[in-house]
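Structure record follows, encoded as structure tokens.
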Amino acid sequence: MSISYNHREIEDKWTKRWAEHPVNVKDDKKKKYYCLDMFPYPSGNGLHVGHWRGYVISDVWSRYKMMQGYHIIHPMGWDAFGLPAENYAIKMGVHPAKSTAENVANIKRQIQQIAAVYDWDLEVNTTDPNYYKWTQWIFVKMFKEGLAYEKEMPINWCPSCKTGLANEEVVNGKCERCGADVTKKNLRQWMLKITAYADRLLNDLDKLDWPEKVKKMQTDWIGKSHGAEVDFLVADQNGEKTEKKITVYTTRPDTLHGATFMVLAPEHELAKDLATDETRAAVEDYIYQSSLKSSVDRLQDKEKTGVFTGSYCINPLNGAKVPIWLSDYVLADYGTGAIMCVPAHDDRDFEFAKKFNIPIIQVIAKDGKEIENMTEAYTQASGIMIHSGEWDGMESSVLKKEAPKMIEDMGIGRATTNYKLRDWVFSRQRYWGEPIPIIHCEKCGAVPVPEEELPVLLPEVESYQPTGTGESPLADIKDWVNTKCPCCGGPAKRETNTMPQWAGSSWYFLRYVDNKNENELVSREKADTYLPVDMYIGGVEHAVLHLLYSRFYTKFLYDIGVVGFDEPFKKLFNQGMITGKNGIKMSKSKGNVVSPDDLVRDYGCDSLRLYELFVGPPELDSEWDDRGIDGVYRFLNRFWNLVTENKDKNAAETKELVKLRHKLVHDITQRLTSFSLNTVISGFMEYNNKLLELSKKGGVDVETLKTFVRLLAPFAPHISEELWEQLNQGSESVGSVFDAGWPEYDEAAMADDEKEVAVQINGKTRAVVTLPVDVSKEDAIAAGKEAVSDKLTGTIVKEIYVPGRIINIVQK
RNA sequence: GCGGAUGUGGCGGAAUGGCAGACGCAUCAGACUCAAAAUCUGACGGGGGCGACCUCGUGUGGGUUCAAGUCCCACCAUCCGCACCA
């Protein structure tokens, strides 16, 4: 046998045929299935084989659903605003719109090589004014609902990108995009009040069929905790209570009696006031030094620093006099920016107390005892309370839950919940993004651009260069900036900040299904018909950013009645990354990028699709090895030969073939529906090898071949269509294999008459016997003993028979 | 530090608690060929034996079980996420 499969000819033929007769046609009688890819950023580097994987997985799944009789929504578009295009524009002196358009054209060509069933009529591009009109519209709606607000505050600032960043965009104190150390900068910012949705974003995770890992990451990011705020009054020089109050937040109110000091963040509003004449110089110096530290420094300086303010406050529970310190290990923007410190039961407080010689009072007995010479904090909330006044004798875990209520009843504080989630810093001081549709008027304040005047077009500009001053390049375009107030008609200025990259990608899945609608973001009817997304496929790198923002947007749009669902993505699948040798991420600078273009030319689209899946489990990272593609290419050749040699033979449909056929359908369907796509491919190879054996013996019947072709179709669509056509030569109208339905299997038809059963002695296999499936336990064991009779030398103590699998004879 | 994932031949990987290494890559041998490529056939974890066979073996150490890659406990390594959130 030799190579007779001509992938180029076949793939060209079917590319043309499908262009003329699309296989996924809209049909209102069918149920919809929305299978979505995370849309790409059209980078100038083009696609590598790693990008292919997610698209192949989603296409296989779409085609499978299509064969099951669904009408598939399977769109593709471009997330095209953002820094790389802008940086490229700055470097090359071309308008980012131009380079973006070129990149889109190139990536679209590459994506079309995958031969996925994308419906290109649904295409969207976030930089298209007809698209970002609605990105702006959502912002206006949020503004009107009080969810978008302005605030002057110290924000994360990337000195390299020269723009502010959201918390989510700071990774280990570095810029998510460029890796530069993030600093703080005081800037007027637009914020989105995502915290108003914290509880819903947390609770609704339960509804989602998502990887646990992603749910966990979002849960941790939202970071809800229960505890209490406790009010401490500042003491005067005589140790008497004053009116001045400092509120702390704690999740361990049970340890309140053990609070031996208090720490305020250096940025706390009372920090300076608490200094005395003796401490003022040191306190002010500490506050100043802290303000200079970048967030990286603050993270890396694990050694505790601090300064005593000279002031004390009174523990409201036991009247103890508690010294007040400042330290940068307390965060200004979480809780109240002040904490009570219980060194006996908190690692950080312990470390601080040791360093500054502050007393340590144990209030929870560990193993029923008070610890002598504590060397580390006892942080578990389990044990009996000691040194705790009337709380003595209570169980700490119980008290921890009840204390907030008790504190509230005593009038010294209140039960509270807190979140790590912060509001979303939404403005960027860059050019290539959606202008924020706000007009600033001296008289009327911030006024949204009237909805009928949207979109606010991104103006042409001389220089895209970020200014670095905290102003966007748009600020230089005076005749754009100066405008009239929509409210009073007086002179006013446009907002010159733009939106972050995430703005356009937070709702694009809605626009696909109604991408030409000029009057609405999406018609309610279409949204109700086609959404939410049934299956969302993409990389895990968006676990918090994009996926959290999209959920927030969807919930907002649900609240204002635009859509009728409050979670956008029912099911999520994260494909693993394809890396170069030794697990190194493919990148231009590493020189290990494998382009799909050559592989498609040499092996064909179908082979590359199969190999993308065969390379490893889809949810795990896999190392790319070019040589491996030969294996799937050989398989397709052998399958081609199997079908073409048998299609006209009219071989009889033997019992063996029927059984094999049903098993094939069963195995492939099982593996496919459990997303074990690599073993689907090995299953195809295995069954192909078996059929080739049978082909040599007496031939393979056409029904079996047709069944195999249908199963293979979602994976290798071109060769399957071609063989389907050949197998149906002579029938009235052949039709596409994708209209042929997904094959079904019959358990009864798969059943074997007899099975090979391993015979073990003390758990070690010594023989194999073939037994009828309905053999009795006694007969099975008898047959087993017979097969190993020469090795049965001891006393038999136990006999195990697992039907169809194993006989184990235990002897002493 | 906390949390999660992973660990199986030369390599990628497969195994509802039931014959470890399916399927493929690479390698070796054979067939075909003047030859090479392609294709086809076969071998392919380690050690031992002429031999049918024996024995060890799924990161390490224990445990549960008739039976463990799989379940439990304690470690080790690698990768990922979070990281002073009180």
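Just so we're on the same page: first chain in the structure tokens is A, next is B, and so on; residues restart at 1 for each chain, and ligands are numbered from 1 in the order they show up.
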Would you mind writing down, as a PDB file with C-alpha atoms, in the first residue's frame, each residue of stretch 479-647 of chain A that DSSP on the backbone assigns to alpha helix (DSSP H)?
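Saved file out15.pdb follows:
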```
ATOM      1  CA  ASP A 479     -11.166  71.333  18.919  1.00  0.00           C
ATOM      2  CA  TRP A 480     -12.251  67.851  19.960  1.00  0.00           C
ATOM      3  CA  VAL A 481     -11.895  68.452  23.681  1.00  0.00           C
ATOM      4  CA  TRP A 502     -11.571  44.710  28.710  1.00  0.00           C
ATOM      5  CA  ALA A 503     -14.466  47.057  27.979  1.00  0.00           C
ATOM      6  CA  GLY A 504     -15.129  45.744  24.491  1.00  0.00           C
ATOM      7  CA  SER A 505     -14.613  42.097  25.419  1.00  0.00           C
ATOM      8  CA  TYR A 508     -19.080  40.869  22.675  1.00  0.00           C
ATOM      9  CA  PHE A 509     -20.842  37.510  22.937  1.00  0.00           C
ATOM     10  CA  LEU A 510     -24.140  39.427  23.015  1.00  0.00           C
ATOM     11  CA  ARG A 511     -23.427  41.409  19.889  1.00  0.00           C
ATOM     12  CA  ARG A 524     -34.248  41.203  23.425  1.00  0.00           C
ATOM     13  CA  GLU A 525     -35.816  38.615  21.168  1.00  0.00           C
ATOM     14  CA  LYS A 526     -32.483  37.502  19.718  1.00  0.00           C
ATOM     15  CA  ALA A 527     -30.839  37.534  23.107  1.00  0.00           C
ATOM     16  CA  ASP A 528     -33.620  35.339  24.455  1.00  0.00           C
ATOM     17  CA  THR A 529     -33.353  32.985  21.495  1.00  0.00           C
ATOM     18  CA  TYR A 530     -29.602  32.480  21.203  1.00  0.00           C
ATOM     19  CA  LEU A 545     -10.017  39.366  34.374  1.00  0.00           C
ATOM     20  CA  HIS A 546     -12.235  38.828  31.366  1.00  0.00           C
ATOM     21  CA  LEU A 547     -14.504  36.229  32.933  1.00  0.00           C
ATOM     22  CA  LEU A 548     -15.227  38.315  36.019  1.00  0.00           C
ATOM     23  CA  TYR A 549     -15.805  41.493  34.029  1.00  0.00           C
ATOM     24  CA  SER A 550     -18.121  39.694  31.580  1.00  0.00           C
ATOM     25  CA  ARG A 551     -20.182  38.311  34.426  1.00  0.00           C
ATOM     26  CA  PHE A 552     -20.422  41.785  35.947  1.00  0.00           C
ATOM     27  CA  TYR A 553     -21.535  43.340  32.647  1.00  0.00           C
ATOM     28  CA  THR A 554     -24.093  40.616  32.057  1.00  0.00           C
ATOM     29  CA  LYS A 555     -25.583  41.078  35.504  1.00  0.00           C
ATOM     30  CA  PHE A 556     -25.809  44.814  34.944  1.00  0.00           C
ATOM     31  CA  LEU A 557     -27.490  44.360  31.566  1.00  0.00           C
ATOM     32  CA  TYR A 558     -29.854  41.895  33.180  1.00  0.00           C
ATOM     33  CA  ASP A 559     -30.716  44.449  35.855  1.00  0.00           C
ATOM     34  CA  PRO A 596       0.505  26.157  11.181  1.00  0.00           C
ATOM     35  CA  ASP A 597       0.885  27.413   7.605  1.00  0.00           C
ATOM     36  CA  ASP A 598       3.618  24.969   6.528  1.00  0.00           C
ATOM     37  CA  LEU A 599       2.000  22.029   8.304  1.00  0.00           C
ATOM     38  CA  VAL A 600      -1.311  22.694   6.587  1.00  0.00           C
ATOM     39  CA  ARG A 601       0.459  22.782   3.249  1.00  0.00           C
ATOM     40  CA  ASP A 602       2.452  19.574   3.818  1.00  0.00           C
ATOM     41  CA  TYR A 603       0.028  17.447   5.802  1.00  0.00           C
ATOM     42  CA  CYS A 605      -5.793  20.792   7.614  1.00  0.00           C
ATOM     43  CA  ASP A 606      -7.346  17.492   8.672  1.00  0.00           C
ATOM     44  CA  SER A 607      -4.021  16.041   9.843  1.00  0.00           C
ATOM     45  CA  LEU A 608      -3.153  19.153  11.802  1.00  0.00           C
ATOM     46  CA  ARG A 609      -6.590  19.203  13.426  1.00  0.00           C
ATOM     47  CA  LEU A 610      -6.164  15.592  14.527  1.00  0.00           C
ATOM     48  CA  TYR A 611      -2.667  16.165  15.789  1.00  0.00           C
ATOM     49  CA  GLU A 612      -3.674  19.235  17.794  1.00  0.00           C
ATOM     50  CA  LEU A 613      -5.935  16.899  19.735  1.00  0.00           C
ATOM     51  CA  PHE A 614      -3.732  13.817  19.749  1.00  0.00           C
ATOM     52  CA  ILE A 629       2.075  14.666  13.031  1.00  0.00           C
ATOM     53  CA  ASP A 630       3.336  11.830  10.811  1.00  0.00           C
ATOM     54  CA  GLY A 631       1.363   9.416  12.953  1.00  0.00           C
ATOM     55  CA  VAL A 632      -2.026  11.001  12.325  1.00  0.00           C
ATOM     56  CA  TYR A 633      -1.164  11.587   8.682  1.00  0.00           C
ATOM     57  CA  ARG A 634      -0.424   7.872   8.263  1.00  0.00           C
ATOM     58  CA  PHE A 635      -3.665   7.066  10.004  1.00  0.00           C
ATOM     59  CA  LEU A 636      -5.674   9.206   7.570  1.00  0.00           C
ATOM     60  CA  ASN A 637      -3.922   7.496   4.673  1.00  0.00           C
ATOM     61  CA  ARG A 638      -4.681   4.036   6.003  1.00  0.00           C
ATOM     62  CA  PHE A 639      -8.263   5.016   6.648  1.00  0.00           C
ATOM     63  CA  TRP A 640      -8.533   6.415   3.130  1.00  0.00           C
ATOM     64  CA  ASN A 641      -7.218   3.133   1.775  1.00  0.00           C
ATOM     65  CA  LEU A 642      -9.562   1.111   3.970  1.00  0.00           C
ATOM     66  CA  VAL A 643     -12.620   2.941   2.688  1.00  0.00           C
ATOM     67  CA  THR A 644     -11.679   3.240  -0.963  1.00  0.00           C
ATOM     68  CA  GLU A 645     -10.689  -0.430  -1.169  1.00  0.00           C
ATOM     69  CA  ASN A 646     -13.853  -1.666   0.499  1.00  0.00           C
TER      70      ASN A 646
END
```
Practice prompt. Could you give me, as a PyMOL selection string, the residues within 8 Å of A:Asp119, counting only C-alpha atoms (C1' of nucleotides) and dropping anything in the same chain fewer than 5 positions from it?
Written response: chain A and resi 73-76
Print the selection's residues with all heavy atoms to a file, as a PDB file, in the first residue's frame.
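Final output, result11.pdb:
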```pdb
ATOM      1  N   ILE A  73     -24.548  28.302  16.878  1.00  0.00           N
ATOM      2  CA  ILE A  73     -24.047  29.676  16.839  1.00  0.00           C
ATOM      3  C   ILE A  73     -22.555  29.564  17.138  1.00  0.00           C
ATOM      4  O   ILE A  73     -22.166  29.199  18.249  1.00  0.00           O
ATOM      5  CB  ILE A  73     -24.694  30.569  17.924  1.00  0.00           C
ATOM      6  CG1 ILE A  73     -26.195  30.356  18.011  1.00  0.00           C
ATOM      7  CG2 ILE A  73     -24.335  32.033  17.695  1.00  0.00           C
ATOM      8  CD1 ILE A  73     -26.950  30.698  16.784  1.00  0.00           C
ATOM      9  N   HIS A  74     -21.762  29.815  16.126  1.00  0.00           N
ATOM     10  CA  HIS A  74     -20.313  29.619  16.287  1.00  0.00           C
ATOM     11  C   HIS A  74     -19.606  30.779  15.591  1.00  0.00           C
ATOM     12  O   HIS A  74     -19.207  30.674  14.436  1.00  0.00           O
ATOM     13  CB  HIS A  74     -19.915  28.268  15.686  1.00  0.00           C
ATOM     14  CG  HIS A  74     -18.521  27.844  16.041  1.00  0.00           C
ATOM     15  ND1 HIS A  74     -17.970  28.015  17.280  1.00  0.00           N
ATOM     16  CD2 HIS A  74     -17.560  27.231  15.290  1.00  0.00           C
ATOM     17  CE1 HIS A  74     -16.733  27.538  17.280  1.00  0.00           C
ATOM     18  NE2 HIS A  74     -16.463  27.064  16.096  1.00  0.00           N
ATOM     19  N   PRO A  75     -19.482  31.909  16.298  1.00  0.00           N
ATOM     20  CA  PRO A  75     -18.984  33.136  15.686  1.00  0.00           C
ATOM     21  C   PRO A  75     -17.516  33.400  15.986  1.00  0.00           C
ATOM     22  O   PRO A  75     -16.911  32.769  16.847  1.00  0.00           O
ATOM     23  CB  PRO A  75     -19.843  34.205  16.344  1.00  0.00           C
ATOM     24  CG  PRO A  75     -20.115  33.660  17.713  1.00  0.00           C
ATOM     25  CD  PRO A  75     -20.013  32.157  17.643  1.00  0.00           C
ATOM     26  N   MET A  76     -16.973  34.366  15.293  1.00  0.00           N
ATOM     27  CA  MET A  76     -15.593  34.787  15.508  1.00  0.00           C
ATOM     28  C   MET A  76     -15.493  36.286  15.297  1.00  0.00           C
ATOM     29  O   MET A  76     -16.228  36.852  14.500  1.00  0.00           O
ATOM     30  CB  MET A  76     -14.674  34.032  14.536  1.00  0.00           C
ATOM     31  CG  MET A  76     -13.199  34.320  14.653  1.00  0.00           C
ATOM     32  SD  MET A  76     -12.509  34.239  16.304  1.00  0.00           S
ATOM     33  CE  MET A  76     -12.434  32.477  16.588  1.00  0.00           C
TER      34      MET A  76
END
```
Give me, as a JSON list (two decimals) with N, CA, C and O atoms, in the first residue's frame, all polymer residues having an atom no more than 9 Å from stretch 454-469 of chain A, counting only C-alpha atoms (C1' of nucleotides) and skipping those fewer than 2 positions away in the same chain.
```json
[["chain", "number", "residue", "atom", "x", "y", "z"],
["A", 86, "GLU", "N", -1.22, 50.02, 19.44],
["A", 86, "GLU", "CA", -0.85, 51.41, 19.65],
["A", 86, "GLU", "C", 0.67, 51.56, 19.70],
["A", 86, "GLU", "O", 1.24, 52.47, 19.10],
["A", 87, "ASN", "N", 1.33, 50.65, 20.39],
["A", 87, "ASN", "CA", 2.79, 50.70, 20.46],
["A", 87, "ASN", "C", 3.41, 50.52, 19.07],
["A", 87, "ASN", "O", 4.39, 51.17, 18.73],
["A", 89, "ALA", "N", 1.97, 51.33, 16.33],
["A", 89, "ALA", "CA", 1.68, 52.57, 15.61],
["A", 89, "ALA", "C", 2.72, 53.64, 15.93],
["A", 89, "ALA", "O", 3.22, 54.34, 15.05],
["A", 90, "ILE", "N", 3.06, 53.73, 17.22],
["A", 90, "ILE", "CA", 4.04, 54.72, 17.65],
["A", 90, "ILE", "C", 5.38, 54.44, 16.98],
["A", 90, "ILE", "O", 6.05, 55.33, 16.48],
["A", 93, "GLY", "N", 4.86, 54.63, 12.94],
["A", 93, "GLY", "CA", 4.23, 55.82, 12.40],
["A", 93, "GLY", "C", 3.04, 55.54, 11.50],
["A", 93, "GLY", "O", 2.75, 56.30, 10.59],
["A", 95, "HIS", "N", -1.19, 54.56, 11.45],
["A", 95, "HIS", "CA", -2.35, 54.67, 12.32],
["A", 95, "HIS", "C", -2.71, 53.27, 12.84],
["A", 95, "HIS", "O", -2.72, 52.32, 12.06],
["A", 129, "PRO", "N", -16.81, 51.62, 15.00],
["A", 129, "PRO", "CA", -17.69, 52.57, 15.71],
["A", 129, "PRO", "C", -19.10, 52.02, 15.94],
["A", 129, "PRO", "O", -19.73, 52.34, 16.96],
["A", 130, "ASN", "N", -19.58, 51.20, 15.02],
["A", 130, "ASN", "CA", -20.91, 50.62, 15.22],
["A", 130, "ASN", "C", -20.92, 49.61, 16.36],
["A", 130, "ASN", "O", -21.97, 49.22, 16.84],
["A", 131, "TYR", "N", -19.74, 49.13, 16.70],
["A", 131, "TYR", "CA", -19.63, 48.25, 17.87],
["A", 131, "TYR", "C", -19.40, 49.08, 19.13],
["A", 131, "TYR", "O", -20.13, 48.97, 20.10],
["A", 132, "TYR", "N", -18.37, 49.97, 19.09],
["A", 132, "TYR", "CA", -18.04, 50.63, 20.37],
["A", 132, "TYR", "C", -19.07, 51.67, 20.77],
["A", 132, "TYR", "O", -19.08, 52.13, 21.90],
["A", 133, "LYS", "N", -19.93, 52.02, 19.82],
["A", 133, "LYS", "CA", -21.10, 52.81, 20.19],
["A", 133, "LYS", "C", -21.80, 52.16, 21.39],
["A", 133, "LYS", "O", -22.19, 52.84, 22.35],
["A", 134, "TRP", "N", -21.89, 50.85, 21.36],
["A", 134, "TRP", "CA", -22.63, 50.15, 22.42],
["A", 134, "TRP", "C", -21.77, 49.91, 23.65],
["A", 134, "TRP", "O", -22.27, 49.81, 24.75],
["A", 135, "THR", "N", -20.45, 49.83, 23.45],
["A", 135, "THR", "CA", -19.54, 49.78, 24.60],
["A", 135, "THR", "C", -19.70, 51.08, 25.40],
["A", 135, "THR", "O", -19.74, 51.06, 26.63],
["A", 136, "GLN", "N", -19.80, 52.19, 24.66],
["A", 136, "GLN", "CA", -20.00, 53.48, 25.32],
["A", 136, "GLN", "C", -21.40, 53.59, 25.93],
["A", 136, "GLN", "O", -21.57, 54.14, 27.02],
["A", 137, "TRP", "N", -22.35, 53.05, 25.22],
["A", 137, "TRP", "CA", -23.74, 53.09, 25.71],
["A", 137, "TRP", "C", -23.86, 52.40, 27.07],
["A", 137, "TRP", "O", -24.52, 52.90, 27.98],
["A", 159, "PRO", "N", 4.65, 52.73, 34.77],
["A", 159, "PRO", "CA", 5.48, 53.81, 34.22],
["A", 159, "PRO", "C", 5.95, 53.52, 32.80],
["A", 159, "PRO", "O", 6.32, 54.44, 32.09],
["A", 160, "SER", "N", 5.90, 52.26, 32.39],
["A", 160, "SER", "CA", 6.32, 51.94, 31.04],
["A", 160, "SER", "C", 5.18, 52.14, 30.04],
["A", 160, "SER", "O", 5.35, 52.76, 28.99],
["A", 161, "CYS", "N", 3.98, 51.64, 30.38],
["A", 161, "CYS", "CA", 2.82, 51.85, 29.51],
["A", 161, "CYS", "C", 2.24, 53.25, 29.71],
["A", 161, "CYS", "O", 1.37, 53.68, 28.96],
["A", 162, "LYS", "N", 2.67, 53.91, 30.77],
["A", 162, "LYS", "CA", 2.20, 55.26, 31.09],
["A", 162, "LYS", "C", 0.69, 55.34, 31.19],
["A", 162, "LYS", "O", 0.03, 56.19, 30.58],
["A", 163, "THR", "N", 0.15, 54.40, 31.93],
["A", 163, "THR", "CA", -1.29, 54.40, 32.12],
["A", 163, "THR", "C", -1.63, 53.77, 33.45],
["A", 163, "THR", "O", -0.83, 53.04, 34.02],
["A", 429, "GLN", "N", -4.89, 56.15, 30.19],
["A", 429, "GLN", "CA", -4.40, 57.42, 29.65],
["A", 429, "GLN", "C", -3.71, 57.15, 28.32],
["A", 429, "GLN", "O", -2.59, 57.56, 28.08],
["A", 430, "ARG", "N", -4.41, 56.41, 27.47],
["A", 430, "ARG", "CA", -3.84, 56.01, 26.20],
["A", 430, "ARG", "C", -4.79, 56.34, 25.07],
["A", 430, "ARG", "O", -5.95, 56.69, 25.29],
["A", 431, "TYR", "N", -4.29, 56.21, 23.84],
["A", 431, "TYR", "CA", -5.07, 56.61, 22.68],
["A", 431, "TYR", "C", -6.03, 55.53, 22.16],
["A", 431, "TYR", "O", -7.21, 55.77, 21.96],
["A", 432, "TRP", "N", -5.49, 54.32, 21.95],
["A", 432, "TRP", "CA", -6.23, 53.31, 21.16],
["A", 432, "TRP", "C", -7.25, 52.56, 22.01],
["A", 432, "TRP", "O", -7.05, 51.41, 22.40],
["A", 433, "GLY", "N", -8.33, 53.26, 22.32],
["A", 433, "GLY", "CA", -9.42, 52.65, 23.09],
["A", 433, "GLY", "C", -10.67, 53.48, 22.89],
["A", 433, "GLY", "O", -10.66, 54.51, 22.21],
["A", 434, "GLU", "N", -11.76, 53.01, 23.49],
["A", 434, "GLU", "CA", -13.02, 53.73, 23.35],
["A", 434, "GLU", "C", -12.97, 55.00, 24.19],
["A", 434, "GLU", "O", -12.71, 54.92, 25.39],
["A", 435, "PRO", "N", -13.25, 56.19, 23.59],
["A", 435, "PRO", "CA", -13.34, 57.39, 24.43],
["A", 435, "PRO", "C", -14.47, 57.22, 25.45],
["A", 435, "PRO", "O", -15.53, 56.67, 25.13],
["A", 436, "ILE", "N", -14.20, 57.67, 26.65],
["A", 436, "ILE", "CA", -15.24, 57.60, 27.69],
["A", 436, "ILE", "C", -16.26, 58.71, 27.40],
["A", 436, "ILE", "O", -15.88, 59.88, 27.31],
["A", 437, "PRO", "N", -17.50, 58.37, 27.21],
["A", 437, "PRO", "CA", -18.50, 59.33, 26.70],
["A", 437, "PRO", "C", -19.05, 60.25, 27.78],
["A", 437, "PRO", "O", -20.23, 60.17, 28.15],
["A", 449, "VAL", "N", -22.65, 61.90, 27.54],
["A", 449, "VAL", "CA", -23.03, 62.24, 26.18],
["A", 449, "VAL", "C", -24.41, 61.63, 25.93],
["A", 449, "VAL", "O", -24.65, 60.47, 26.26],
["A", 450, "PRO", "N", -25.34, 62.42, 25.39],
["A", 450, "PRO", "CA", -26.69, 61.88, 25.15],
["A", 450, "PRO", "C", -26.63, 60.62, 24.29],
["A", 450, "PRO", "O", -25.83, 60.55, 23.35],
["A", 451, "GLU", "N", -27.45, 59.63, 24.62],
["A", 451, "GLU", "CA", -27.37, 58.33, 23.94],
["A", 451, "GLU", "C", -27.49, 58.45, 22.43],
["A", 451, "GLU", "O", -26.83, 57.72, 21.69],
["A", 452, "GLU", "N", -28.33, 59.41, 21.97],
["A", 452, "GLU", "CA", -28.52, 59.52, 20.53],
["A", 452, "GLU", "C", -27.30, 60.11, 19.83],
["A", 452, "GLU", "O", -27.20, 60.07, 18.61],
["A", 471, "GLU", "N", -2.46, 62.48, 31.57],
["A", 471, "GLU", "CA", -3.43, 62.91, 30.56],
["A", 471, "GLU", "C", -3.31, 61.99, 29.36],
["A", 471, "GLU", "O", -2.22, 61.54, 29.03],
["A", 472, "SER", "N", -4.40, 61.74, 28.69],
["A", 472, "SER", "CA", -4.34, 60.93, 27.48],
["A", 472, "SER", "C", -3.92, 61.81, 26.31],
["A", 472, "SER", "O", -4.05, 63.03, 26.37],
["A", 473, "PRO", "N", -3.38, 61.23, 25.23],
["A", 473, "PRO", "CA", -3.00, 62.03, 24.06],
["A", 473, "PRO", "C", -4.19, 62.81, 23.50],
["A", 473, "PRO", "O", -4.00, 63.79, 22.80],
["A", 474, "LEU", "N", -5.39, 62.35, 23.80],
["A", 474, "LEU", "CA", -6.57, 63.04, 23.28],
["A", 474, "LEU", "C", -6.67, 64.46, 23.82],
["A", 474, "LEU", "O", -7.31, 65.32, 23.20],
["A", 476, "ASP", "N", -4.68, 66.75, 23.82],
["A", 476, "ASP", "CA", -4.04, 67.75, 22.98],
["A", 476, "ASP", "C", -4.93, 68.26, 21.84],
["A", 476, "ASP", "O", -4.61, 69.25, 21.20],
["A", 477, "ILE", "N", -5.99, 67.55, 21.55],
["A", 477, "ILE", "CA", -6.81, 67.93, 20.40],
["A", 477, "ILE", "C", -7.87, 68.92, 20.86],
["A", 477, "ILE", "O", -8.98, 68.55, 21.24],
["A", 480, "TRP", "N", -11.44, 69.02, 19.58],
["A", 480, "TRP", "CA", -12.25, 67.85, 19.96],
["A", 480, "TRP", "C", -12.64, 67.97, 21.44],
["A", 480, "TRP", "O", -13.78, 67.73, 21.82]]
```
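Around A:Lys245, within 10 Å and counting only C-alpha atoms (C1' of nucleotides), the residues found are Val230, Asp231, Phe232, Leu233, Val234, Ala235, Lys241, Thr242, Val248, Leu270, Cys313 and Ile314 of chain A, once anything fewer than 3 positions away on its own chain is removed.
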Could you take the residues named above and write them with C-alpha atoms, as a CSV table (one decimal), in the first residue's frame?
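The result, written out as part.csv:
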```csv
chain,number,residue,atom,x,y,z
A,230,VAL,CA,-14.8,47.4,66.7
A,231,ASP,CA,-14.7,51.0,67.9
A,232,PHE,CA,-11.7,51.9,70.1
A,233,LEU,CA,-11.6,55.4,71.7
A,234,VAL,CA,-8.4,57.2,71.8
A,235,ALA,CA,-7.1,58.0,75.3
A,241,LYS,CA,-11.4,58.1,76.9
A,242,THR,CA,-11.7,61.0,74.4
A,248,VAL,CA,-10.8,48.4,63.3
A,270,LEU,CA,-5.7,60.0,61.8
A,313,CYS,CA,-6.6,53.8,72.8
A,314,ILE,CA,-8.9,51.9,75.1
```
Practice prompt. Please return, as a PyMOL selection string, all residues of chain B lying within 8 Å of chain A when only C-alpha atoms (C1' of nucleotides) are considered.
Written response: chain B and resi 4+12-14+18-19+23-25+38-40+66-67+81-82+84-86
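Atom CA of A:Cys158 lies 10.6 Å from atom CA of A:Arg428.
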